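Structure file data29.cif; described as mmCIF, C-alpha atoms.
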data_query
#
loop_
_atom_site.label_atom_id
_atom_site.label_comp_id
_atom_site.auth_asym_id
_atom_site.auth_seq_id
_atom_site.Cartn_x
_atom_site.Cartn_y
_atom_site.Cartn_z
CA MET O 1 211.24 285.84 162.56
CA THR O 2 212.73 283.58 159.90
CA THR O 3 215.39 284.39 157.37
CA LEU O 4 214.52 283.15 153.90
CA LYS O 5 217.59 284.21 151.99
CA THR O 6 220.94 285.78 152.82
CA GLU O 7 223.42 287.48 150.53
CA ARG O 8 226.74 289.02 151.44
CA LEU O 9 228.63 291.60 149.44
CA ASP O 10 231.98 293.23 150.12
CA ILE O 11 232.18 297.00 149.84
CA ARG O 12 235.65 297.97 148.65
CA SER O 13 235.13 300.46 145.82
CA SER O 14 232.48 302.80 144.47
CA ASP O 15 231.52 300.11 141.94
CA ASP O 16 230.52 298.00 144.92
CA VAL O 17 228.07 300.72 145.99
CA VAL O 18 226.31 300.23 142.65
CA ARG O 19 226.34 296.48 143.28
CA VAL O 20 224.82 297.01 146.73
CA ARG O 21 222.00 299.01 145.13
CA GLN O 22 221.37 296.26 142.57
CA LEU O 23 221.38 293.58 145.28
CA THR O 24 218.99 295.66 147.37
CA ARG O 25 216.69 296.06 144.38
CA THR O 26 216.63 292.30 143.73
CA MET O 27 215.97 291.53 147.40
CA ALA O 28 213.33 294.26 147.69
CA LEU O 29 211.51 292.76 144.71
CA ALA O 30 211.69 289.33 146.36
CA ALA O 31 210.23 290.84 149.52
CA GLY O 32 207.38 292.21 147.45
CA LEU O 33 208.00 295.87 148.29
CA GLY O 34 206.18 298.47 146.24
CA LEU O 35 207.96 300.93 143.98
CA VAL O 36 208.16 303.70 146.56
CA ASP O 37 209.41 301.38 149.32
CA GLN O 38 211.92 299.86 146.93
CA THR O 39 213.28 303.28 146.06
CA LYS O 40 213.46 304.23 149.72
CA ILE O 41 215.40 301.17 150.85
CA ILE O 42 217.68 301.33 147.81
CA THR O 43 218.49 304.96 148.55
CA ALA O 44 219.10 304.20 152.24
CA ALA O 45 221.35 301.28 151.23
CA SER O 46 223.23 303.57 148.87
CA GLU O 47 223.87 306.09 151.67
CA LEU O 48 225.03 303.48 154.15
CA ALA O 49 227.17 301.63 151.63
CA ARG O 50 228.92 304.87 150.78
CA ASN O 51 229.45 305.61 154.48
CA THR O 52 230.96 302.15 154.92
CA LEU O 53 233.29 302.86 152.03
CA ASP O 54 234.20 306.51 152.64
CA TYR O 55 234.29 306.67 156.44
CA GLY O 56 234.68 303.01 157.45
CA GLY O 57 237.42 302.29 154.93
CA GLY O 58 235.41 299.45 153.39
CA GLY O 59 233.46 296.58 154.86
CA PHE O 60 230.56 294.43 153.85
CA VAL O 61 226.79 294.32 153.69
CA LEU O 62 224.58 291.42 154.69
CA ALA O 63 221.21 291.44 152.96
CA GLU O 64 218.52 289.23 154.42
CA LEU O 65 215.06 288.46 153.18
CA VAL O 66 213.08 288.00 156.40
CA GLU O 67 209.57 286.92 157.25
CA ALA O 68 207.70 287.58 160.48
CA SER O 69 204.01 286.78 161.03
CA ALA O 70 203.30 286.53 157.30
CA ARG O 71 204.99 289.85 156.60
CA ARG O 72 208.03 289.94 154.42
CA GLY O 73 210.79 292.42 154.68
CA LEU O 74 214.36 293.22 153.86
CA ARG O 75 217.04 293.67 156.48
CA LEU O 76 220.45 295.09 155.64
CA THR O 77 223.47 295.05 157.94
CA PHE O 78 226.42 297.26 157.09
CA GLU O 79 229.60 296.54 158.97
CA ASP O 80 233.08 298.00 158.87
CA LYS O 81 236.24 297.83 160.95
CA GLY O 82 236.99 301.51 160.49
CA PRO O 83 237.72 304.26 163.01
CA GLY O 84 234.17 304.25 164.39
CA ILE O 85 232.02 307.26 165.23
CA PRO O 86 232.99 309.12 168.44
CA ASP O 87 229.60 310.81 168.90
CA VAL O 88 226.79 308.81 167.30
CA GLU O 89 224.12 311.27 168.42
CA ALA O 90 225.86 314.16 166.66
CA ALA O 91 226.45 312.06 163.57
CA MET O 92 222.73 311.34 163.32
CA LYS O 93 221.91 315.05 163.16
CA ASP O 94 221.20 316.46 159.73
CA GLY O 95 223.99 318.55 158.37
CA PHE O 96 226.70 316.90 160.43
CA THR O 97 229.56 315.51 158.40
CA SER O 98 233.18 314.74 159.11
CA GLY O 99 233.86 314.62 155.40
CA LYS O 100 232.68 316.56 152.35
CA GLY O 101 229.16 315.18 152.06
CA MET O 102 225.86 316.88 152.80
CA GLY O 103 225.58 315.29 156.24
CA LEU O 104 222.17 313.80 155.50
CA GLY O 105 223.10 310.17 154.92
CA LEU O 106 222.65 308.63 158.38
CA GLY O 107 219.56 310.62 159.36
CA GLY O 108 218.14 310.13 155.87
CA ALA O 109 218.70 306.37 156.00
CA LYS O 110 216.88 306.28 159.32
CA ARG O 111 213.90 308.20 157.92
CA LEU O 112 213.81 305.93 154.86
CA SER O 113 213.68 302.72 156.92
CA ASN O 114 211.15 301.14 159.27
CA GLU O 115 213.85 299.94 161.63
CA PHE O 116 217.21 301.48 162.27
CA SER O 117 219.97 300.74 164.73
CA ILE O 118 223.56 301.85 164.91
CA HIS O 119 226.43 300.60 167.05
CA SER O 120 229.79 302.21 166.87
CA GLN O 121 232.89 301.84 168.99
CA PRO O 122 235.73 304.27 168.34
CA GLY O 123 238.69 302.32 167.02
CA GLU O 124 236.69 299.18 166.41
CA GLY O 125 234.19 299.95 163.70
CA THR O 126 230.57 300.63 162.98
CA LYS O 127 227.54 298.44 162.42
CA VAL O 128 224.28 299.80 161.03
CA VAL O 129 221.16 297.66 160.64
CA ILE O 130 218.12 298.83 158.71
CA ALA O 131 214.93 297.05 157.75
CA ARG O 132 211.96 297.82 155.56
CA TRP O 133 208.74 295.81 155.84
CA LYS O 134 206.03 295.29 153.33
CA MET T 1 263.77 269.73 141.30
CA ALA T 2 265.64 269.62 138.04
CA VAL T 3 264.29 266.87 135.87
CA ASN T 4 265.87 266.10 132.57
CA THR T 5 263.00 266.83 130.27
CA GLY T 6 265.20 266.28 127.24
CA ASN T 7 263.81 262.73 127.08
CA VAL T 8 260.30 264.05 126.87
CA ALA T 9 261.29 266.54 124.23
CA GLU T 10 262.72 263.74 122.12
CA LEU T 11 259.67 261.58 122.65
CA VAL T 12 257.34 264.42 121.77
CA GLY T 13 259.42 265.17 118.68
CA SER T 14 259.53 261.62 117.42
CA ASN T 15 255.90 260.86 118.26
CA GLU T 16 254.39 264.03 116.86
CA GLN T 17 252.40 262.03 114.34
CA THR T 18 250.62 260.11 117.10
CA ILE T 19 250.31 262.93 119.62
CA LEU T 20 248.91 265.56 117.29
CA PRO T 21 245.89 263.68 115.89
CA GLU T 22 245.05 262.32 119.33
CA TRP T 23 245.25 265.80 120.87
CA ILE T 24 243.12 267.39 118.16
CA GLU T 25 240.60 264.61 118.50
CA LEU T 26 240.36 265.26 122.25
CA GLN T 27 239.89 268.97 121.67
CA LYS T 28 237.13 268.27 119.18
CA LYS T 29 235.49 265.93 121.67
CA ALA T 30 235.60 268.69 124.26
CA GLY T 31 233.63 270.84 121.82
CA SER T 32 236.31 273.26 120.61
CA LEU T 33 234.85 273.33 117.12
CA GLN T 34 231.17 273.09 117.97
CA THR T 35 230.51 276.79 118.07
CA GLY T 36 232.15 277.35 114.71
CA ARG T 37 234.29 280.19 115.98
CA ILE T 38 237.46 278.56 114.70
CA THR T 39 237.88 276.14 111.83
CA GLU T 40 239.42 272.71 111.98
CA ASN T 41 242.39 273.96 109.98
CA GLU T 42 243.05 276.76 112.42
CA LEU T 43 242.83 274.38 115.33
CA ALA T 44 245.24 271.96 113.66
CA SER T 45 247.80 274.63 112.83
CA GLN T 46 247.57 276.16 116.34
CA SER T 47 248.03 272.71 117.84
CA ARG T 48 250.99 271.86 115.63
CA GLU T 49 252.70 275.16 116.33
CA PHE T 50 252.24 274.88 120.07
CA LEU T 51 253.53 271.31 120.11
CA HIS T 52 256.72 272.42 118.31
CA LEU T 53 257.24 275.32 120.71
CA LEU T 54 256.61 273.06 123.69
CA ARG T 55 259.15 270.59 122.39
CA ASP T 56 261.72 273.37 122.04
CA GLY T 57 260.96 274.45 125.59
CA LEU T 58 261.24 270.93 126.95
CA SER T 59 264.56 270.27 125.24
CA ARG T 60 266.24 273.33 126.76
CA GLY T 61 264.12 274.64 129.58
CA GLY T 62 263.72 271.69 131.94
CA SER T 63 260.56 271.58 134.00
CA GLU T 64 260.50 275.27 135.00
CA VAL T 65 257.95 277.32 133.07
CA SER T 66 259.76 280.48 134.15
CA ASN T 67 262.75 279.37 132.04
CA SER T 68 263.23 281.62 129.04
CA ALA T 69 263.14 278.59 126.75
CA TYR T 70 259.37 278.52 127.28
CA GLY T 71 259.05 282.16 126.22
CA PRO T 72 257.83 281.48 122.66
CA ALA T 73 255.40 278.81 123.85
CA LYS T 74 253.93 281.19 126.44
CA GLN T 75 253.80 283.98 123.90
CA MET T 76 251.81 281.77 121.57
CA LEU T 77 249.49 280.67 124.39
CA ALA T 78 248.92 284.31 125.24
CA ASP T 79 247.98 285.09 121.64
CA VAL T 80 245.65 282.10 121.39
CA SER T 81 244.09 282.92 124.75
CA ARG T 82 243.59 286.59 123.90
CA SER T 83 241.99 285.87 120.54
CA ARG T 84 239.72 283.27 122.13
CA ALA T 85 238.70 285.70 124.85
CA LEU T 86 237.68 288.20 122.18
CA GLN T 87 235.88 285.53 120.16
CA GLY T 88 233.76 284.73 123.18
CA PHE T 89 235.14 281.35 124.21
CA SER T 90 234.45 280.27 127.77
CA PRO T 91 237.42 280.02 130.16
CA SER T 92 237.21 276.22 130.28
CA GLU T 93 237.06 275.96 126.51
CA THR T 94 240.20 278.06 126.36
CA ALA T 95 242.05 276.11 129.05
CA THR T 96 241.11 272.80 127.39
CA PHE T 97 243.57 273.68 124.64
CA VAL T 98 246.46 273.06 127.04
CA PHE T 99 244.96 270.54 129.44
CA SER T 100 243.82 268.15 126.72
CA LEU T 101 247.45 267.75 125.65
CA LYS T 102 248.20 265.80 128.86
CA GLN T 103 246.68 262.54 127.84
CA PRO T 104 248.40 262.13 124.46
CA ILE T 105 251.78 262.85 126.06
CA PHE T 106 251.11 260.44 128.94
CA ASN T 107 250.15 257.76 126.47
CA VAL T 108 253.45 258.20 124.65
CA LEU T 109 255.38 258.06 127.94
CA ASN T 110 253.51 254.93 128.99
CA ARG T 111 254.01 253.13 125.72
CA ASN T 112 257.72 253.85 125.75
CA THR T 113 259.60 250.72 126.79
CA THR T 114 263.05 252.27 127.23
CA LEU T 115 261.97 254.13 130.38
CA SER T 116 261.84 252.41 133.76
CA PRO T 117 258.49 252.71 135.54
CA ALA T 118 260.10 255.07 138.06
CA GLN T 119 261.49 257.28 135.32
CA ALA T 120 258.19 257.28 133.47
CA ALA T 121 256.36 258.25 136.66
CA GLU T 122 258.80 261.05 137.39
CA LEU T 123 258.54 262.44 133.87
CA THR T 124 254.76 262.15 133.91
CA TRP T 125 254.66 264.14 137.11
CA SER T 126 256.91 266.91 135.84
CA VAL T 127 254.95 267.15 132.57
CA THR T 128 251.73 267.40 134.62
CA LEU T 129 253.12 270.27 136.65
CA LEU T 130 254.39 271.96 133.54
CA LEU T 131 251.11 271.72 131.63
CA ASP T 132 249.12 272.77 134.70
CA GLU T 133 251.20 275.88 134.98
CA LEU T 134 250.84 276.64 131.28
CA GLY T 135 247.09 276.09 131.59
CA LEU T 136 246.87 278.52 134.49
CA TYR T 137 248.90 281.01 132.52
CA THR T 138 246.39 280.67 129.67
CA LEU T 139 243.54 281.42 132.05
CA GLU T 140 245.35 284.41 133.48
CA VAL T 141 245.79 285.93 130.03
CA PHE T 142 242.19 285.07 129.21
CA GLN T 143 240.98 286.84 132.35
CA LYS T 144 243.11 289.88 131.66
CA SER T 145 241.79 290.13 128.10
CA ARG T 146 238.20 289.99 129.35
CA GLU T 147 238.95 292.73 131.85
CA GLU T 148 240.37 294.85 129.05
CA VAL T 149 237.12 294.36 127.15
CA ILE T 150 235.13 295.46 130.21
CA VAL T 151 237.26 298.55 130.79
CA ARG T 152 236.87 299.52 127.13
CA GLN T 153 233.11 299.08 127.32
CA GLN T 154 232.96 301.16 130.50
CA ARG T 155 234.77 303.96 128.72
CA GLU T 156 232.41 303.69 125.77
CA ILE T 157 229.39 303.83 128.05
CA ALA T 158 230.78 306.83 129.88
CA GLU T 159 231.22 308.69 126.61
CA LEU T 160 227.92 307.60 125.15
CA SER T 161 225.64 308.55 127.93
CA THR T 162 226.35 312.23 128.44
CA PRO T 163 225.19 314.20 125.42
CA VAL T 164 224.11 317.82 125.70
CA VAL T 165 221.38 318.60 123.19
CA LYS T 166 220.12 321.93 121.98
CA LEU T 167 216.33 322.17 122.20
CA TRP T 168 215.94 325.74 121.02
CA ASP T 169 218.00 328.89 120.69
CA GLY T 170 219.45 329.40 124.15
CA ILE T 171 217.87 326.28 125.62
CA LEU T 172 219.91 323.17 126.30
CA ALA T 173 218.88 319.79 127.61
CA LEU T 174 221.05 317.33 129.44
CA PRO T 175 219.32 313.95 129.66
CA LEU T 176 221.10 311.99 132.38
CA ILE T 177 220.95 308.21 132.28
CA GLY T 178 222.32 305.79 134.85
CA THR T 179 224.38 306.31 137.96
CA LEU T 180 225.87 309.71 138.66
CA ASP T 181 229.21 308.92 140.25
CA SER T 182 231.94 311.51 140.74
CA GLN T 183 233.72 310.62 137.54
CA ARG T 184 230.63 310.89 135.36
CA THR T 185 229.52 314.09 137.04
CA GLN T 186 232.84 315.58 136.03
CA VAL T 187 232.28 314.58 132.39
CA VAL T 188 228.67 315.82 132.48
CA MET T 189 229.66 319.14 134.02
CA GLU T 190 232.44 319.73 131.51
CA ASN T 191 230.15 318.90 128.58
CA LEU T 192 227.40 321.14 129.88
CA LEU T 193 229.61 324.14 130.66
CA GLN T 194 231.39 323.85 127.33
CA THR T 195 228.08 323.76 125.44
CA VAL T 196 226.72 326.68 127.49
CA VAL T 197 229.66 328.75 126.27
CA GLU T 198 229.41 327.57 122.67
CA THR T 199 225.69 328.10 122.26
CA GLU T 200 225.32 331.09 124.60
CA ALA T 201 222.54 329.22 126.32
CA GLU T 202 220.41 330.94 128.96
CA ILE T 203 218.63 327.89 130.26
CA ALA T 204 219.80 324.33 130.77
CA ILE T 205 217.29 321.58 131.51
CA ILE T 206 218.76 318.66 133.43
CA ASP T 207 216.50 315.66 132.93
CA ILE T 208 216.95 312.86 135.47
CA THR T 209 214.24 310.49 134.21
CA GLY T 210 216.95 307.92 133.56
CA VAL T 211 218.64 308.17 136.95
CA PRO T 212 217.44 305.18 139.00
CA THR T 213 218.51 306.36 142.45
CA VAL T 214 219.01 309.87 143.81
CA ASP T 215 220.95 309.69 147.05
CA THR T 216 222.72 312.53 148.83
CA LEU T 217 225.84 312.16 146.72
CA THR T 218 223.87 312.31 143.47
CA ALA T 219 221.99 315.33 144.80
CA GLN T 220 225.23 317.00 145.75
CA HIS T 221 226.63 316.38 142.27
CA LEU T 222 223.46 317.79 140.70
CA LEU T 223 223.63 320.91 142.87
CA LYS T 224 227.28 321.45 142.00
CA THR T 225 226.49 321.15 138.31
CA VAL T 226 223.64 323.66 138.69
CA ALA T 227 225.87 326.07 140.63
CA ALA T 228 228.60 325.88 138.01
CA ALA T 229 226.11 326.50 135.20
CA ARG T 230 224.75 329.51 137.10
CA LEU T 231 228.22 330.98 137.32
CA MET T 232 228.39 330.71 133.56
CA GLY T 233 225.14 332.64 133.30
CA ALA T 234 222.77 329.78 132.56
CA ASP T 235 219.79 328.97 134.76
CA CYS T 236 218.96 325.35 135.35
CA ILE T 237 215.66 323.51 135.49
CA ILE T 238 215.58 319.94 136.76
CA SER T 239 212.98 317.69 135.16
CA GLY T 240 211.95 314.07 135.27
CA ILE T 241 211.83 313.56 139.02
CA ARG T 242 209.59 310.51 139.37
CA PRO T 243 207.08 310.30 142.25
CA GLN T 244 209.00 307.66 144.19
CA ILE T 245 212.21 309.67 143.84
CA ALA T 246 210.45 312.83 145.03
CA GLN T 247 209.15 311.05 148.14
CA THR T 248 212.54 309.55 148.85
CA MET T 249 214.28 312.89 148.52
CA VAL T 250 211.88 314.49 150.98
CA HIS T 251 212.56 311.75 153.54
CA LEU T 252 216.24 311.99 152.91
CA GLY T 253 216.06 315.69 153.68
CA VAL T 254 217.62 316.79 150.42
CA GLU T 255 216.50 320.16 149.15
CA LEU T 256 217.20 321.03 145.57
CA ASN T 257 216.96 324.79 145.49
CA VAL T 258 216.32 324.66 141.81
CA ILE T 259 213.17 325.00 139.79
CA SER T 260 211.95 321.55 138.92
CA LYS T 261 209.26 320.19 136.66
CA ALA T 262 207.77 316.74 136.41
CA THR T 263 208.49 316.23 132.73
CA LEU T 264 210.91 317.46 130.14
CA ALA T 265 207.96 318.88 128.17
CA ASP T 266 206.89 321.07 131.13
CA ALA T 267 210.46 322.20 131.59
CA LEU T 268 210.72 323.14 127.92
CA ALA T 269 207.44 325.07 128.11
CA LEU T 270 208.79 327.01 131.10
CA ALA T 271 212.11 327.64 129.38
CA LEU T 272 210.32 328.95 126.28
CA GLU T 273 208.16 331.20 128.41
CA ARG T 274 211.18 332.59 130.23
CA THR T 275 212.90 333.39 126.94
CA GLY T 276 209.76 335.17 125.72
CA ARG T 277 208.38 332.45 123.49
CA ALA T 278 205.33 330.27 123.46
CA VAL T 279 204.15 327.28 121.52
CA THR T 280 200.71 327.82 119.98
CA ARG T 281 198.48 325.65 117.87
CA LEU T 282 197.97 326.98 114.34
CA LYS T 283 194.74 325.21 113.60
CA LYS T 284 192.43 322.64 115.09
CA ALA T 285 193.81 319.15 115.13
CA THR T 286 192.39 317.06 112.31
CA PRO T 287 191.32 313.46 112.95
CA ALA T 288 194.50 311.47 112.49
CA SER T 289 193.20 308.58 110.41
CA GLY T 290 190.19 307.24 108.59
CA GLN T 291 189.82 304.47 111.08
CA ASN T 292 188.28 306.67 113.75
CA LYS T 293 185.73 307.92 111.26
CA MET T 294 184.76 304.42 110.30
CA SER T 295 184.23 303.32 113.82
CA ALA T 296 182.23 306.48 114.46
CA GLU T 297 180.00 305.73 111.49
CA LYS T 298 179.51 302.21 112.64
CA GLY T 299 178.37 303.49 115.98
CA GLN T 300 175.53 305.52 114.44
#
Show me the file's structure as structure tokens.
Amino acid sequence: MTTLKTERLDIRSSDDVVRVRQLTRTMALAAGLGLVDQTKIITAASELARNTLDYGGGGFVLAELVEASARRGLRLTFEDKGPGIPDVEAAMKDGFTSGKGMGLGLGGAKRLSNEFSIHSQPGEGTKVVIARWK
Amino acid sequence: MAVNTGNVAELVGSNEQTILPEWIELQKKAGSLQTGRITENELASQSREFLHLLRDGLSRGGSEVSNSAYGPAKQMLADVSRSRALQGFSPSETATFVFSLKQPIFNVLNRNTTLSPAQAAELTWSVTLLLDELGLYTLEVFQKSREEVIVRQQREIAELSTPVVKLWDGILALPLIGTLDSQRTQVVMENLLQTVVETEAEIAIIDITGVPTVDTLTAQHLLKTVAAARLMGADCIISGIRPQIAQTMVHLGVELNVISKATLADALALALERTGRAVTRLKKATPASGQNKMSAEKGQ
């Protein structure tokens, strides 16, 4: 798998969440994703960016345009140095929230992506990687 | 380091007639007048005024920009910078105003024979530092002015984009455009609830055709708005959910327990039906223009 283009964006305020969506849109277009896939990955990015901001206390996103065996795709890595998630399995369940949200963000982001992985260490932070292929 | 800048002040004062034209020429060369946003006269009078203020600063303030003697000079730079920011100058065009003054002053220092080379070098250095600092100050003011412009535009956009329109007696429409963040939702909700009271509306149609992304937060905001409207006695219909948004919402797991319609027109038809009205056609539609007829005749 080769990376064709990489962009990094800090997530520090809710304006940055909008910026993450715009960046995702640009990259999704470059990856040649269709309208539905674009909307899906943008929405997933929006959820994860807001998690990074609200629960991780801010962090950054790494957006990569990747190519593997003539297929293009978009991979997004969200990373924060926040409190981490004590029970990742519970957090993935729909309806679970430690805040005031609907508790659908993480599970929703997983359903909206082709690839999803989450690593979280309490006290050290959280890293979520999603990808959507054409 | 306290350098006696009184010498420079004197030199600047006595050589104004050489410095000023040279400085203005440099500014013109850098393209200050090209865009036609300020006239040559304005540029000349700004330059002259700043040179006088700088001289006053140099004669009393030493090489420290923070000295109060530089107050008027900084004030003037701030004004120039602010007006240029509003006129649409680029940052480098704005900073050139100060930076291009270096060379004419250096030339005067170099040509002066009463100064020893060491003195001249020392003075040159302190003038460099001074003008650099003034240049940076100019950029800071410039930046701040641009930010003010952006904040003002944001406020304007926020006010612009949330109108509540009356479609019929008792039927309101709220066409949402753009991102629904918490702040805007608050404005939207207030507008909607206020208009519900004023117009005694029974049905409010929330149209989200112009909302690019519906994530869980947007959905939550929408549901809160709908719940609040219900408490005021108005039922809500959500319209304008595009196919890709509908698919995304299903995957996301968001359920909007609200009646929704694909288009605003469908929503209006439903709202009319619910309030006991219907739109009917009075007579058969007539052919709109003669052109169709002509082409039909040609076809025969």
Output of the PyMOL selection byres ((chain T) within 7 of (chain O)), listed as an NGL selection string: :T and (213-217 or 244-245 or 248 or 251-253)
Straight-line distance linking atom CA of Arg146 of chain T with atom CA of Asp79 of chain T, stated in Å to one decimal: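 Going from atom CA of Arg146 of chain T over to atom CA of Asp79 of chain T covers 13.4 Å.
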Test item: the PyMOL selection byres ((chain O and resi 116-123) around 10) resolved as a PyMOL selection string: chain O and resi 75-88+92+106-107+109-115+124-132
Contact residues around segment 177-192 of chain T with all atoms listed in the file at 6 Å, ignoring same-chain residues under 2 positions, as a PyMOL selection string: chain T and resi 162+194-195+210-211+218+225
Computed interatomic separation between atom CA of Arg281 of chain T and atom CA of Val165 of chain T (Å):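 Those two atoms sit 24.5 Å apart.
For the pair atom CA of Leu264 of chain T and atom CA of Ile203 of chain T, the interatomic distance is 13.0 Å.
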Test item: residues at most 8 Å from segment 80-94 of chain T, only C-alpha atoms, excluding those fewer than 4 positions along its chain, as a list of chain:residue names: T:Ala30, T:Gly31, T:Ser32, T:Arg37, T:Met76, T:Thr138, T:Leu139, T:Val141, T:Phe142, T:Gln143, T:Ser145, T:Arg146, T:Val149
Residue neighbourhood segment 232-242 of chain T, 7 Å, all atoms listed in the file, exclusion window fewer than 3 positions, as an NGL selection string: :T and (201-209 or 226 or 228-229 or 245-246 or 258-264 or 267)
Output of the PyMOL selection byres ((chain T and resi 24) around 9), listed as an MDAnalysis selection string: chainID T and resid 19:23 25:29 40 43:44 47 100:101
Dump as a PDB file, in the frame of the given file, selection limited to C-alpha atoms:
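The result, written out as selection22.pdb:
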ATOM      1  CA  ILE T  19     250.310 262.930 119.620  1.00  0.00           C
ATOM      2  CA  LEU T  20     248.910 265.560 117.290  1.00  0.00           C
ATOM      3  CA  PRO T  21     245.890 263.680 115.890  1.00  0.00           C
ATOM      4  CA  GLU T  22     245.050 262.320 119.330  1.00  0.00           C
ATOM      5  CA  TRP T  23     245.250 265.800 120.870  1.00  0.00           C
ATOM      6  CA  GLU T  25     240.600 264.610 118.500  1.00  0.00           C
ATOM      7  CA  LEU T  26     240.360 265.260 122.250  1.00  0.00           C
ATOM      8  CA  GLN T  27     239.890 268.970 121.670  1.00  0.00           C
ATOM      9  CA  LYS T  28     237.130 268.270 119.180  1.00  0.00           C
ATOM     10  CA  LYS T  29     235.490 265.930 121.670  1.00  0.00           C
ATOM     11  CA  GLU T  40     239.420 272.710 111.980  1.00  0.00           C
ATOM     12  CA  LEU T  43     242.830 274.380 115.330  1.00  0.00           C
ATOM     13  CA  ALA T  44     245.240 271.960 113.660  1.00  0.00           C
ATOM     14  CA  SER T  47     248.030 272.710 117.840  1.00  0.00           C
ATOM     15  CA  SER T 100     243.820 268.150 126.720  1.00  0.00           C
ATOM     16  CA  LEU T 101     247.450 267.750 125.650  1.00  0.00           C
TER      17      LEU T 101
END
Taking all atoms of segment 80-87 of chain O that appear in the file, build a box with edges along x, y and z, extend it by 5 Å on every side, and state its centre and edge lengths in Å to one decimal, as JSON.
{"center_x": 233.7, "center_y": 304.3, "center_z": 163.9, "size_x": 18.1, "size_y": 23.0, "size_z": 20.0}
Selected residue, from T:Pro104, T:Gly57, T:Gly135, T:Gly62, that lies nearest to Leu77 of chain T when counting all atoms listed in the file: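 Looking at the shortest contact to Leu77 of chain T, the residue is T:Gly135.
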Counting only C-alpha atoms, the option among T:Thr280, T:Glu10, T:Ala219, T:Asp266 closest to Met249 of chain T: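 Among the listed residues, the smallest separation from Met249 of chain T belongs to T:Ala219.
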